[in-house]
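J.: So I've got this file, my_file.csv, and it contains CSV, C-alpha atoms:
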chain,number,residue,atom,x,y,z
A,1,MET,CA,-33.9,-20.1,-119.3
A,2,ASN,CA,-36.0,-22.3,-117.0
A,3,LEU,CA,-39.7,-21.6,-116.3
A,4,HIS,CA,-41.7,-23.0,-113.4
A,5,LEU,CA,-45.5,-22.5,-113.6
A,6,LEU,CA,-47.5,-22.8,-110.3
A,7,ILE,CA,-51.1,-23.5,-111.3
A,8,PRO,CA,-53.4,-24.4,-108.4
A,9,GLY,CA,-56.7,-25.9,-109.6
A,10,LEU,CA,-55.6,-27.0,-113.1
A,11,PHE,CA,-57.6,-30.2,-112.7
A,12,TRP,CA,-61.3,-30.2,-111.7
A,13,PRO,CA,-61.4,-31.5,-108.1
A,14,GLU,CA,-64.5,-33.8,-108.4
A,15,ALA,CA,-63.2,-37.0,-109.8
A,16,GLY,CA,-65.4,-38.8,-112.3
A,17,ARG,CA,-66.9,-35.6,-113.8
A,18,SER,CA,-65.3,-35.9,-117.2
A,19,GLU,CA,-68.1,-33.9,-118.7
A,20,VAL,CA,-66.6,-30.8,-117.1
A,21,TYR,CA,-63.9,-30.9,-119.8
A,22,GLY,CA,-66.3,-31.5,-122.7
A,23,GLY,CA,-65.7,-29.2,-125.7
A,24,LEU,CA,-62.5,-27.6,-124.3
A,25,SER,CA,-59.7,-27.3,-126.8
A,26,LEU,CA,-56.5,-27.8,-124.8
A,27,SER,CA,-54.2,-29.5,-127.3
A,28,ALA,CA,-51.0,-27.6,-126.3
A,29,LEU,CA,-51.5,-28.3,-122.6
A,30,GLU,CA,-52.3,-31.9,-123.3
A,31,VAL,CA,-49.1,-32.3,-125.3
A,32,ILE,CA,-47.0,-30.6,-122.6
A,33,LEU,CA,-48.4,-32.9,-119.9
A,34,ALA,CA,-48.0,-36.0,-122.0
A,35,LYS,CA,-44.4,-35.3,-122.8
A,36,SER,CA,-43.5,-34.4,-119.2
A,37,HIS,CA,-42.2,-36.6,-116.4
A,38,CYS,CA,-44.8,-36.5,-113.6
A,39,ALA,CA,-44.1,-36.8,-109.9
A,40,GLU,CA,-46.9,-36.9,-107.5
A,41,SER,CA,-47.0,-36.1,-103.7
A,42,GLN,CA,-49.4,-35.3,-101.0
A,43,SER,CA,-51.7,-32.3,-101.4
A,44,GLN,CA,-50.6,-28.8,-100.4
A,45,GLY,CA,-52.2,-25.5,-100.0
A,46,ILE,CA,-50.7,-22.7,-102.1
A,47,GLU,CA,-49.1,-21.0,-99.1
A,48,GLU,CA,-47.6,-24.2,-97.8
A,49,TRP,CA,-46.0,-24.9,-101.2
A,50,LEU,CA,-44.7,-21.3,-101.4
A,51,CYS,CA,-43.2,-21.4,-97.9
A,52,GLN,CA,-41.4,-24.7,-98.7
A,53,THR,CA,-40.1,-23.3,-102.0
A,54,PHE,CA,-38.7,-20.2,-100.3
A,55,GLY,CA,-37.1,-22.2,-97.4
A,56,VAL,CA,-39.6,-21.1,-94.8
A,57,SER,CA,-40.0,-23.7,-92.1
A,58,LYS,CA,-43.3,-24.4,-90.4
A,59,GLN,CA,-43.6,-23.1,-86.9
A,60,GLN,CA,-46.9,-23.9,-85.1
A,61,ASP,CA,-48.4,-22.7,-88.4
A,62,TRP,CA,-46.9,-21.6,-91.7
A,63,PRO,CA,-45.9,-18.1,-90.6
A,64,ILE,CA,-48.0,-16.2,-93.2
A,65,ALA,CA,-48.9,-13.3,-91.0
A,66,PRO,CA,-45.4,-11.9,-90.2
A,67,ILE,CA,-44.3,-12.3,-93.8
A,68,MET,CA,-47.4,-10.5,-95.2
A,69,LEU,CA,-47.0,-7.8,-92.6
A,70,GLN,CA,-43.8,-6.8,-94.4
A,71,LEU,CA,-46.0,-6.0,-97.4
A,72,ASP,CA,-49.1,-4.6,-95.7
A,73,GLY,CA,-47.6,-2.9,-92.7
A,74,THR,CA,-46.5,0.7,-92.7
A,75,ASP,CA,-45.7,1.6,-89.2
A,76,GLU,CA,-46.0,-2.0,-88.1
A,77,LYS,CA,-43.0,-4.1,-88.9
A,78,PRO,CA,-42.6,-7.5,-87.2
A,79,ASP,CA,-39.9,-7.9,-84.7
A,80,GLN,CA,-38.5,-11.5,-84.9
A,81,ASN,CA,-39.7,-12.0,-81.3
A,82,GLU,CA,-43.3,-10.8,-81.9
A,83,TYR,CA,-46.1,-13.3,-82.7
A,84,TRP,CA,-48.6,-12.4,-85.3
A,85,LEU,CA,-51.8,-14.0,-86.6
A,86,ARG,CA,-53.9,-13.3,-89.7
A,87,ALA,CA,-57.4,-12.6,-88.6
A,88,ASP,CA,-59.4,-12.2,-91.9
A,89,PRO,CA,-63.0,-11.2,-92.2
A,90,VAL,CA,-65.2,-14.0,-93.5
A,91,HIS,CA,-68.9,-14.9,-94.0
A,92,LEU,CA,-70.3,-18.1,-92.3
A,93,ARG,CA,-73.4,-19.7,-93.5
A,94,ILE,CA,-75.3,-22.5,-91.7
A,95,GLN,CA,-76.5,-25.3,-93.9
A,96,ASN,CA,-77.6,-28.8,-92.7
A,97,ASN,CA,-76.0,-28.4,-89.3
A,98,HIS,CA,-72.7,-27.4,-91.1
A,99,MET,CA,-71.1,-24.0,-90.8
A,100,LEU,CA,-69.7,-23.2,-94.3
A,101,LEU,CA,-67.0,-20.5,-94.8
A,102,ALA,CA,-66.7,-18.0,-97.6
A,103,ASP,CA,-63.9,-15.5,-98.0
A,104,SER,CA,-63.5,-12.2,-99.8
A,105,GLN,CA,-63.6,-13.8,-103.2
A,106,VAL,CA,-67.4,-13.7,-103.0
A,107,PHE,CA,-67.9,-10.4,-101.0
A,108,SER,CA,-66.4,-6.9,-101.0
A,109,ILE,CA,-65.5,-4.9,-97.9
A,110,SER,CA,-64.0,-1.4,-97.7
A,111,LEU,CA,-61.2,-0.3,-95.6
A,112,LYS,CA,-63.5,2.0,-93.8
A,113,GLU,CA,-65.8,-0.9,-92.9
A,114,SER,CA,-62.8,-3.0,-91.8
A,115,ILE,CA,-61.6,-0.2,-89.5
A,116,GLN,CA,-65.1,0.2,-87.9
A,117,PHE,CA,-65.4,-3.6,-87.3
A,118,ALA,CA,-61.9,-3.7,-85.8
A,119,ASP,CA,-62.6,-0.8,-83.6
A,120,THR,CA,-65.5,-2.7,-82.1
A,121,LEU,CA,-63.4,-5.8,-81.5
A,122,ASN,CA,-60.5,-3.9,-80.1
A,123,GLN,CA,-62.7,-2.1,-77.6
A,124,TYR,CA,-64.2,-5.4,-76.4
A,125,PHE,CA,-60.8,-7.2,-76.2
A,126,SER,CA,-58.9,-4.2,-74.8
A,127,LYS,CA,-57.8,-6.1,-71.7
A,128,SER,CA,-57.0,-9.4,-73.3
A,129,GLY,CA,-53.6,-8.5,-75.0
A,130,ILE,CA,-55.1,-9.0,-78.4
A,131,VAL,CA,-55.0,-6.1,-80.9
A,132,PHE,CA,-56.7,-6.2,-84.3
A,133,LEU,CA,-55.1,-4.3,-87.1
A,134,PRO,CA,-57.1,-4.0,-90.4
A,135,LEU,CA,-54.1,-3.0,-92.6
A,136,HIS,CA,-56.0,-4.1,-95.7
A,137,PRO,CA,-59.7,-4.4,-96.3
A,138,ASP,CA,-59.7,-8.2,-96.3
A,139,ARG,CA,-56.3,-8.8,-94.7
A,140,TRP,CA,-56.4,-8.2,-90.9
A,141,TYR,CA,-53.7,-9.0,-88.4
A,142,VAL,CA,-53.6,-9.7,-84.7
A,143,ARG,CA,-50.6,-8.9,-82.5
A,144,ILE,CA,-50.5,-11.1,-79.4
A,145,ALA,CA,-48.6,-10.2,-76.3
A,146,LYS,CA,-48.0,-13.8,-75.3
A,147,ILE,CA,-47.3,-16.6,-77.8
A,148,PRO,CA,-50.2,-19.0,-77.8
A,149,CYS,CA,-50.0,-22.8,-78.1
A,150,LEU,CA,-52.2,-22.9,-81.1
A,151,GLN,CA,-52.3,-24.5,-84.5
A,152,THR,CA,-54.6,-23.1,-87.2
A,153,ARG,CA,-55.6,-24.1,-90.7
A,154,LEU,CA,-54.9,-22.1,-93.9
A,155,LEU,CA,-57.8,-19.9,-94.9
A,156,SER,CA,-57.4,-21.1,-98.5
A,157,GLU,CA,-58.1,-24.7,-97.4
A,158,MET,CA,-61.3,-23.7,-95.6
A,159,ILE,CA,-63.3,-22.3,-98.5
A,160,GLY,CA,-66.7,-24.0,-98.7
A,161,LYS,CA,-65.7,-26.4,-95.9
A,162,ASN,CA,-67.6,-27.2,-92.7
A,163,ILE,CA,-65.5,-25.5,-90.1
A,164,ASN,CA,-67.1,-27.2,-87.1
A,165,ASN,CA,-64.2,-29.7,-86.7
A,166,LEU,CA,-61.5,-27.5,-88.3
A,167,LEU,CA,-61.1,-24.8,-85.6
A,168,PRO,CA,-57.6,-24.2,-84.1
A,169,ILE,CA,-56.1,-26.9,-81.9
A,170,GLY,CA,-53.5,-26.9,-79.2
A,171,GLU,CA,-53.3,-26.3,-75.4
A,172,ASP,CA,-54.8,-22.8,-75.8
A,173,SER,CA,-57.4,-23.8,-78.3
A,174,SER,CA,-60.4,-23.6,-75.9
A,175,ALA,CA,-59.6,-20.0,-75.1
A,176,TRP,CA,-59.4,-19.1,-78.8
A,177,HIS,CA,-62.6,-21.0,-79.5
A,178,SER,CA,-64.3,-18.7,-76.9
A,179,ILE,CA,-62.7,-15.7,-78.6
A,180,PHE,CA,-64.1,-17.0,-81.9
A,181,ASN,CA,-67.6,-17.3,-80.5
A,182,GLU,CA,-67.5,-13.9,-78.9
A,183,ILE,CA,-66.4,-12.3,-82.2
A,184,GLN,CA,-69.4,-13.9,-83.9
A,185,MET,CA,-71.8,-12.5,-81.3
A,186,LEU,CA,-70.3,-9.0,-81.6
A,187,LEU,CA,-70.4,-9.0,-85.4
A,188,HIS,CA,-73.9,-10.5,-85.6
A,189,THR,CA,-75.4,-7.4,-84.0
A,190,HIS,CA,-73.0,-4.9,-85.6
A,191,PRO,CA,-74.9,-2.0,-87.3
A,192,LEU,CA,-72.6,-2.3,-90.3
A,193,ASN,CA,-73.8,-5.8,-91.0
A,194,GLN,CA,-77.4,-4.7,-90.9
A,195,GLU,CA,-76.6,-2.1,-93.5
A,196,ARG,CA,-74.7,-4.7,-95.6
A,197,GLU,CA,-77.7,-7.1,-95.5
A,198,GLU,CA,-80.1,-4.3,-96.4
A,199,ARG,CA,-77.9,-3.7,-99.5
A,200,GLY,CA,-78.1,-7.4,-100.4
A,201,GLU,CA,-74.4,-8.0,-99.4
A,202,PHE,CA,-73.0,-10.8,-97.3
A,203,ALA,CA,-72.6,-10.0,-93.6
A,204,ILE,CA,-69.1,-10.1,-92.2
A,205,ASN,CA,-70.1,-12.4,-89.3
A,206,SER,CA,-66.8,-14.0,-88.3
A,207,ILE,CA,-63.0,-13.9,-88.4
A,208,TRP,CA,-60.7,-16.7,-89.4
A,209,PHE,CA,-57.5,-16.9,-87.4
A,210,TRP,CA,-54.6,-18.5,-89.4
A,211,GLY,CA,-51.0,-18.2,-90.5
A,212,GLY,CA,-49.5,-17.4,-87.1
A,213,GLY,CA,-45.8,-17.2,-86.3
A,214,MET,CA,-42.8,-15.0,-85.9
A,215,MET,CA,-40.8,-13.5,-88.8
A,216,PRO,CA,-38.4,-16.2,-90.2
A,217,GLN,CA,-34.7,-15.2,-90.2
A,218,ASN,CA,-33.9,-16.5,-93.7
A,219,ILE,CA,-36.1,-16.5,-96.7
A,220,CYS,CA,-34.5,-17.5,-100.0
A,221,SER,CA,-35.2,-19.2,-103.3
A,222,THR,CA,-33.5,-20.6,-106.4
A,223,PHE,CA,-35.7,-18.3,-108.6
A,224,ASN,CA,-34.1,-15.1,-110.1
A,225,GLN,CA,-37.4,-13.5,-111.2
A,226,ILE,CA,-41.0,-14.0,-110.1
A,227,TRP,CA,-44.1,-13.0,-112.0
A,228,CYS,CA,-47.5,-13.0,-110.2
A,229,ASP,CA,-50.5,-11.1,-108.9
A,230,HIS,CA,-50.6,-13.3,-105.9
A,231,THR,CA,-49.9,-11.2,-102.8
A,232,PHE,CA,-48.2,-13.8,-100.6
A,233,THR,CA,-45.9,-14.8,-103.4
A,234,HIS,CA,-45.0,-11.1,-103.9
A,235,ALA,CA,-44.4,-10.8,-100.1
A,236,LEU,CA,-42.0,-13.7,-100.2
A,237,ALA,CA,-40.2,-12.2,-103.1
A,238,VAL,CA,-39.8,-8.9,-101.3
A,239,ALA,CA,-38.6,-10.6,-98.2
A,240,SER,CA,-36.0,-12.7,-100.1
A,241,GLY,CA,-34.8,-9.8,-102.3
A,242,ILE,CA,-35.9,-11.4,-105.5
A,243,ALA,CA,-37.2,-9.3,-108.4
A,244,SER,CA,-41.0,-9.5,-108.4
A,245,ASN,CA,-43.1,-8.4,-111.4
A,246,PRO,CA,-46.8,-8.2,-112.1
A,247,LEU,CA,-48.2,-11.1,-114.1
A,248,PRO,CA,-47.9,-10.5,-117.8
A,249,HIS,CA,-51.0,-10.9,-120.0
A,250,ASP,CA,-49.5,-13.9,-121.8
A,251,ALA,CA,-46.4,-16.0,-122.3
A,252,THR,CA,-45.3,-13.9,-125.3
A,253,MET,CA,-45.2,-10.8,-123.2
A,254,TRP,CA,-43.4,-12.7,-120.5
A,255,GLN,CA,-40.7,-13.8,-123.0
A,256,ARG,CA,-40.1,-10.2,-124.1
A,257,GLN,CA,-39.5,-9.1,-120.5
A,258,ALA,CA,-37.8,-12.1,-119.0
A,259,LYS,CA,-34.0,-12.3,-118.5
A,260,PRO,CA,-31.9,-15.5,-118.5
A,261,GLY,CA,-32.3,-17.5,-115.3
A,262,ASN,CA,-34.9,-19.4,-113.3
A,263,HIS,CA,-38.4,-17.9,-113.4
A,264,LEU,CA,-41.5,-18.6,-111.3
A,265,VAL,CA,-44.9,-17.7,-112.8
A,266,VAL,CA,-48.0,-18.0,-110.6
A,267,LEU,CA,-51.3,-18.6,-112.4
A,268,ASP,CA,-53.7,-18.8,-109.5
A,269,THR,CA,-57.0,-17.7,-110.9
A,270,LEU,CA,-58.3,-21.2,-111.4
A,271,TRP,CA,-58.0,-22.0,-107.7
A,272,GLY,CA,-60.9,-19.9,-106.5
A,273,LYS,CA,-63.1,-21.3,-109.3
A,274,THR,CA,-62.5,-24.9,-108.1
A,275,GLN,CA,-63.0,-23.9,-104.4
A,276,TYR,CA,-66.4,-22.5,-105.1
A,277,ARG,CA,-67.2,-25.1,-107.8
A,278,ASN,CA,-67.7,-22.5,-110.4
A,279,ILE,CA,-67.5,-24.7,-113.5
A,280,TYR,CA,-68.4,-22.1,-116.1
A,281,GLU,CA,-65.7,-19.6,-115.0
A,282,TRP,CA,-63.1,-22.4,-114.5
A,283,ARG,CA,-63.6,-23.5,-118.1
A,284,GLU,CA,-63.4,-20.0,-119.4
A,285,CYS,CA,-60.2,-19.4,-117.5
A,286,LEU,CA,-58.6,-22.6,-118.6
A,287,SER,CA,-59.4,-21.9,-122.2
A,288,SER,CA,-57.8,-18.5,-121.8
A,289,PHE,CA,-54.7,-20.1,-120.3
A,290,GLU,CA,-54.4,-22.4,-123.3
A,291,GLN,CA,-54.4,-19.5,-125.8
A,292,ARG,CA,-52.3,-17.1,-123.7
A,293,TRP,CA,-49.8,-19.4,-122.0
A,294,PHE,CA,-49.7,-23.0,-123.1
A,295,ILE,CA,-49.7,-22.6,-126.9
A,296,PRO,CA,-46.8,-20.0,-126.9
A,297,LEU,CA,-44.9,-21.9,-124.2
A,298,LEU,CA,-45.0,-25.2,-126.2
A,299,GLU,CA,-43.7,-23.2,-129.2
A,300,ALA,CA,-41.0,-21.7,-127.1
A,301,MET,CA,-39.9,-25.2,-126.0
A,302,LYS,CA,-39.7,-26.3,-129.6
A,303,LYS,CA,-37.5,-23.3,-130.5
A,304,ARG,CA,-35.3,-24.0,-127.4
A,305,VAL,CA,-36.1,-20.5,-126.0
A,306,ILE,CA,-37.0,-22.3,-122.7
A,307,SER,CA,-34.6,-25.1,-121.5
A,308,GLN,CA,-37.0,-26.6,-119.0
A,309,LEU,CA,-40.7,-26.1,-118.3
A,310,THR,CA,-42.1,-27.3,-115.0
A,311,ILE,CA,-45.8,-27.1,-114.1
A,312,THR,CA,-46.8,-27.7,-110.5
A,313,VAL,CA,-50.5,-28.5,-110.1
A,314,LEU,CA,-52.0,-28.1,-106.7
A,315,ASN,CA,-55.3,-29.9,-106.1
A,316,GLU,CA,-57.4,-30.9,-103.1
A,317,ASP,CA,-56.1,-34.5,-103.4
A,318,SER,CA,-52.5,-34.2,-104.6
A,319,THR,CA,-49.6,-32.1,-105.8
A,320,ARG,CA,-48.2,-33.0,-109.2
A,321,ASN,CA,-45.1,-31.8,-110.9
A,322,PHE,CA,-44.8,-32.1,-114.7
A,323,ILE,CA,-41.3,-31.6,-115.9
A,324,MET,CA,-40.5,-31.1,-119.6
A,325,SER,CA,-37.1,-30.6,-121.3
A,326,HIS,CA,-36.1,-30.4,-124.9
A,327,ASN,CA,-35.5,-34.1,-125.1
A,328,SER,CA,-39.1,-34.7,-123.9
A,329,LEU,CA,-40.4,-33.5,-127.2
A,330,TRP,CA,-38.9,-36.7,-128.8
A,331,LYS,CA,-41.1,-39.0,-126.8
A,332,PHE,CA,-43.1,-40.1,-129.8
A,333,TRP,CA,-44.8,-42.9,-127.7
A,334,ALA,CA,-46.2,-40.3,-125.2
A,335,ARG,CA,-49.4,-39.5,-126.9
A,336,ALA,CA,-51.5,-36.6,-125.7
A,337,LYS,CA,-54.6,-37.5,-123.8
A,338,SER,CA,-57.6,-35.6,-122.5
A,339,LEU,CA,-57.2,-33.5,-119.4
A,340,SER,CA,-60.0,-35.4,-117.8
A,341,SER,CA,-57.8,-38.5,-117.6
A,342,TYR,CA,-55.5,-36.7,-115.2
A,343,GLY,CA,-58.4,-35.7,-113.0
A,344,LEU,CA,-59.3,-39.3,-112.6
A,345,ASN,CA,-55.9,-40.4,-111.3
Here is a file; write its structure as structure tokens.

T.:
Amino acid sequence: MNLHLLIPGLFWPEAGRSEVYGGLSLSALEVILAKSHCAESQSQGIEEWLCQTFGVSKQQDWPIAPIMLQLDGTDEKPDQNEYWLRADPVHLRIQNNHMLLADSQVFSISLKESIQFADTLNQYFSKSGIVFLPLHPDRWYVRIAKIPCLQTRLLSEMIGKNINNLLPIGEDSSAWHSIFNEIQMLLHTHPLNQEREERGEFAINSIWFWGGGMMPQNICSTFNQIWCDHTFTHALAVASGIASNPLPHDATMWQRQAKPGNHLVVLDTLWGKTQYRNIYEWRECLSSFEQRWFIPLLEAMKKRVISQLTITVLNEDSTRNFIMSHNSLWKFWARAKSLSSYGLN
């Protein structure tokens, strides 16, 4: 049985801050990394890595919207000739002439609110050929009558970033920049946002367009089983016909349920902690992973329950693959080192 762990944000993104790791007991993880062969490549967003892993080619964007629509849509199912965009509600904050973006990790929004916001936008853009569909409280979609010449950036890469120079590009970008500005003006004066601010909640004052494309013809993977709570991973599994299961509490529970084959486990909860620079929660989550996943997985490797363990780490500066086999355990010269040393590479 082979196991592939996808762990975005395993290393703290701010190089040189070794004190972030102080007092953490991560002996099993440190042994696994030290005994593994490491290959490094350019940084990738989690959706980009998943698309490549499932054989999904980049169009103008990575086609997140039509793939997710298979999961979120009920009456709406993407035709392979239809172009869809994600249009997710976000909060923008102005700071030092920068416009910083926050997503639904830091605010809540109900489906009722989403529908009311979308109704306002659809009424305003009724003659433009743009239709907003709030199929999930924080996952909205746009169906576009004419395919735009437009390239967008993944929402997951925009968290906490200054978006001023990261808006969509392409021949039709100026028209979409205007749409973006008009949406901000509509939402700024929306009564729902006044109510939200009175309750001490973030205003939904903008939309982020991303993940546009048409439904890919073929989605496939070498994995036999997938374990995750990550919605896009689940959508890819459904589209490829691969068994997808909720993320087990720990590696011991996973071993009880897993069948022989190639398994993908997505541990994505560290990712948001690094994006919002939440050191305390990141440390707590990493300590929990050590107890629930890394200690039992190292034991499973020693007992030859797992033939190969691969850990893919996505960070803002790189993608690293750590590959460990049974023979790797005999690398007596490969001494465990602090996790902080990997963050400094």

J.: Nearest to Phe132 (chain A) among A:Asp88, A:Asn181, A:Tyr21, A:Asn165, with distances taken over only C-alpha atoms: which residue is it?

T.: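 Selected residue with least distance to Phe132 (chain A): A:Asp88.
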
J.: Could you name the residues that touch Val313 (chain A) at 12 Å or less, counting all atoms listed in the file, but leaving out those on the same chain fewer than 2 positions away, as JSON, numbers by chain?

T.: {"A": [4, 5, 6, 7, 8, 9, 10, 11, 12, 13, 33, 38, 39, 40, 41, 42, 43, 44, 45, 46, 49, 266, 267, 268, 270, 271, 310, 311, 315, 316, 317, 318, 319, 320, 321, 322, 323, 342, 343]}

J.: What would the list of residues within 12 Å of (-39.2, -10.7, -103.6) (file frame) look like as a PyMOL selection string, if all atoms listed in the file are what count?

T.: chain A and resi 54+67-68+70-71+219-228+230-246+264

J.: Could you check how far CA of Thr252 (chain A) sits from CA of Ile279 (chain A), in Å to one decimal?

T.: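 It comes out at 27.4 Å.
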
J.: What gap, in Å, lies between CA of Val265 (chain A) and CA of Leu247 (chain A)?

T.: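 Value for the CA of Val265 (chain A)-CA of Leu247 (chain A) distance: 7.5 Å.
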
J.: Could you tell me how far CA of Leu166 (chain A) sits from CA of Leu101 (chain A), in Å to one decimal place?

T.: 11.0 Å

J.: Compile the contact shell of Leu135 (chain A) as a list in words: residues with an atom at most 9 Å away, counting all atoms listed in the file, same-chain residues fewer than 6 positions apart removed.

T.: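 What passes the distance filter is Leu69, Asp72, Gly73, Thr74, Leu111, Ser114, Ile115 and Tyr141 of chain A.
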
J.: List the spatial neighbours of Glu113 (chain A) as a PDB file with C-alpha atoms, in the coordinates of the input - criterion: any atom at most 8 Å away, all atoms listed in the file, same-chain residues fewer than 3 positions off excluded.

T.:
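So around22.pdb came out as:
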ATOM      1  CA  ILE A 109     -65.500  -4.900 -97.900  1.00  0.00           C
ATOM      2  CA  SER A 110     -64.000  -1.400 -97.700  1.00  0.00           C
ATOM      3  CA  GLN A 116     -65.100   0.200 -87.900  1.00  0.00           C
ATOM      4  CA  PHE A 117     -65.400  -3.600 -87.300  1.00  0.00           C
ATOM      5  CA  PRO A 137     -59.700  -4.400 -96.300  1.00  0.00           C
ATOM      6  CA  LEU A 192     -72.600  -2.300 -90.300  1.00  0.00           C
TER       7      LEU A 192
END

J.: Dump N, CA and C atoms of region 212-236 of chain A from the given block, as a PDB file, in the first residue's frame.

T.:
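Generated file (selection33.pdb):
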ATOM      1  N   GLY A 212     -11.627  30.087 -14.142  1.00  0.00           N
ATOM      2  CA  GLY A 212     -12.521  30.001 -15.291  1.00  0.00           C
ATOM      3  C   GLY A 212     -12.151  28.902 -16.271  1.00  0.00           C
ATOM      4  N   GLY A 213     -13.148  28.446 -17.015  1.00  0.00           N
ATOM      5  CA  GLY A 213     -12.876  27.454 -18.048  1.00  0.00           C
ATOM      6  C   GLY A 213     -14.104  26.663 -18.442  1.00  0.00           C
ATOM      7  N   MET A 214     -13.864  25.678 -19.291  1.00  0.00           N
ATOM      8  CA  MET A 214     -14.892  24.736 -19.722  1.00  0.00           C
ATOM      9  C   MET A 214     -14.573  23.365 -19.136  1.00  0.00           C
ATOM     10  N   MET A 215     -15.576  22.531 -18.999  1.00  0.00           N
ATOM     11  CA  MET A 215     -15.399  21.240 -18.353  1.00  0.00           C
ATOM     12  C   MET A 215     -14.405  20.380 -19.133  1.00  0.00           C
ATOM     13  N   PRO A 216     -13.321  19.916 -18.485  1.00  0.00           N
ATOM     14  CA  PRO A 216     -12.354  19.042 -19.170  1.00  0.00           C
ATOM     15  C   PRO A 216     -13.010  17.727 -19.593  1.00  0.00           C
ATOM     16  N   GLN A 217     -12.532  17.178 -20.705  1.00  0.00           N
ATOM     17  CA  GLN A 217     -13.111  15.934 -21.213  1.00  0.00           C
ATOM     18  C   GLN A 217     -12.671  14.732 -20.391  1.00  0.00           C
ATOM     19  N   ASN A 218     -11.400  14.727 -19.978  1.00  0.00           N
ATOM     20  CA  ASN A 218     -10.878  13.571 -19.247  1.00  0.00           C
ATOM     21  C   ASN A 218     -10.222  14.017 -17.947  1.00  0.00           C
ATOM     22  N   ILE A 219     -10.675  13.426 -16.841  1.00  0.00           N
ATOM     23  CA  ILE A 219     -10.070  13.643 -15.534  1.00  0.00           C
ATOM     24  C   ILE A 219      -9.748  12.275 -14.953  1.00  0.00           C
ATOM     25  N   CYS A 220      -8.484  12.039 -14.632  1.00  0.00           N
ATOM     26  CA  CYS A 220      -8.091  10.713 -14.166  1.00  0.00           C
ATOM     27  C   CYS A 220      -6.912  10.849 -13.196  1.00  0.00           C
ATOM     28  N   SER A 221      -6.608   9.750 -12.498  1.00  0.00           N
ATOM     29  CA  SER A 221      -5.529   9.779 -11.520  1.00  0.00           C
ATOM     30  C   SER A 221      -5.024   8.370 -11.284  1.00  0.00           C
ATOM     31  N   THR A 222      -3.809   8.277 -10.741  1.00  0.00           N
ATOM     32  CA  THR A 222      -3.244   6.969 -10.391  1.00  0.00           C
ATOM     33  C   THR A 222      -3.686   6.524  -9.008  1.00  0.00           C
ATOM     34  N   PHE A 223      -4.406   7.370  -8.280  1.00  0.00           N
ATOM     35  CA  PHE A 223      -4.865   6.999  -6.943  1.00  0.00           C
ATOM     36  C   PHE A 223      -6.117   6.129  -7.029  1.00  0.00           C
ATOM     37  N   ASN A 224      -6.205   5.160  -6.111  1.00  0.00           N
ATOM     38  CA  ASN A 224      -7.389   4.303  -6.015  1.00  0.00           C
ATOM     39  C   ASN A 224      -8.403   4.824  -5.001  1.00  0.00           C
ATOM     40  N   GLN A 225      -7.893   5.468  -3.959  1.00  0.00           N
ATOM     41  CA  GLN A 225      -8.756   6.016  -2.930  1.00  0.00           C
ATOM     42  C   GLN A 225      -8.228   7.374  -2.480  1.00  0.00           C
ATOM     43  N   ILE A 226      -9.190   8.261  -2.176  1.00  0.00           N
ATOM     44  CA  ILE A 226      -8.847   9.616  -1.759  1.00  0.00           C
ATOM     45  C   ILE A 226      -9.551   9.904  -0.440  1.00  0.00           C
ATOM     46  N   TRP A 227      -8.806  10.547   0.462  1.00  0.00           N
ATOM     47  CA  TRP A 227      -9.307  10.862   1.796  1.00  0.00           C
ATOM     48  C   TRP A 227      -9.094  12.341   2.050  1.00  0.00           C
ATOM     49  N   CYS A 228     -10.185  13.099   2.239  1.00  0.00           N
ATOM     50  CA  CYS A 228     -10.028  14.543   2.392  1.00  0.00           C
ATOM     51  C   CYS A 228     -11.320  15.182   2.878  1.00  0.00           C
ATOM     52  N   ASP A 229     -11.169  16.403   3.375  1.00  0.00           N
ATOM     53  CA  ASP A 229     -12.300  17.300   3.619  1.00  0.00           C
ATOM     54  C   ASP A 229     -12.194  18.523   2.717  1.00  0.00           C
ATOM     55  N   HIS A 230     -11.337  18.441   1.725  1.00  0.00           N
ATOM     56  CA  HIS A 230     -11.081  19.548   0.811  1.00  0.00           C
ATOM     57  C   HIS A 230     -12.033  19.421  -0.375  1.00  0.00           C
ATOM     58  N   THR A 231     -12.871  20.435  -0.590  1.00  0.00           N
ATOM     59  CA  THR A 231     -13.973  20.296  -1.548  1.00  0.00           C
ATOM     60  C   THR A 231     -13.505  20.099  -2.992  1.00  0.00           C
ATOM     61  N   PHE A 232     -12.453  20.821  -3.412  1.00  0.00           N
ATOM     62  CA  PHE A 232     -12.021  20.655  -4.803  1.00  0.00           C
ATOM     63  C   PHE A 232     -11.415  19.279  -5.045  1.00  0.00           C
ATOM     64  N   THR A 233     -10.692  18.746  -4.059  1.00  0.00           N
ATOM     65  CA  THR A 233     -10.176  17.380  -4.183  1.00  0.00           C
ATOM     66  C   THR A 233     -11.331  16.400  -4.337  1.00  0.00           C
ATOM     67  N   HIS A 234     -12.363  16.590  -3.529  1.00  0.00           N
ATOM     68  CA  HIS A 234     -13.532  15.714  -3.605  1.00  0.00           C
ATOM     69  C   HIS A 234     -14.203  15.825  -4.974  1.00  0.00           C
ATOM     70  N   ALA A 235     -14.295  17.039  -5.509  1.00  0.00           N
ATOM     71  CA  ALA A 235     -14.902  17.242  -6.828  1.00  0.00           C
ATOM     72  C   ALA A 235     -14.116  16.520  -7.917  1.00  0.00           C
ATOM     73  N   LEU A 236     -12.791  16.576  -7.841  1.00  0.00           N
ATOM     74  CA  LEU A 236     -11.956  15.874  -8.817  1.00  0.00           C
ATOM     75  C   LEU A 236     -12.140  14.358  -8.698  1.00  0.00           C
TER      76      LEU A 236
END
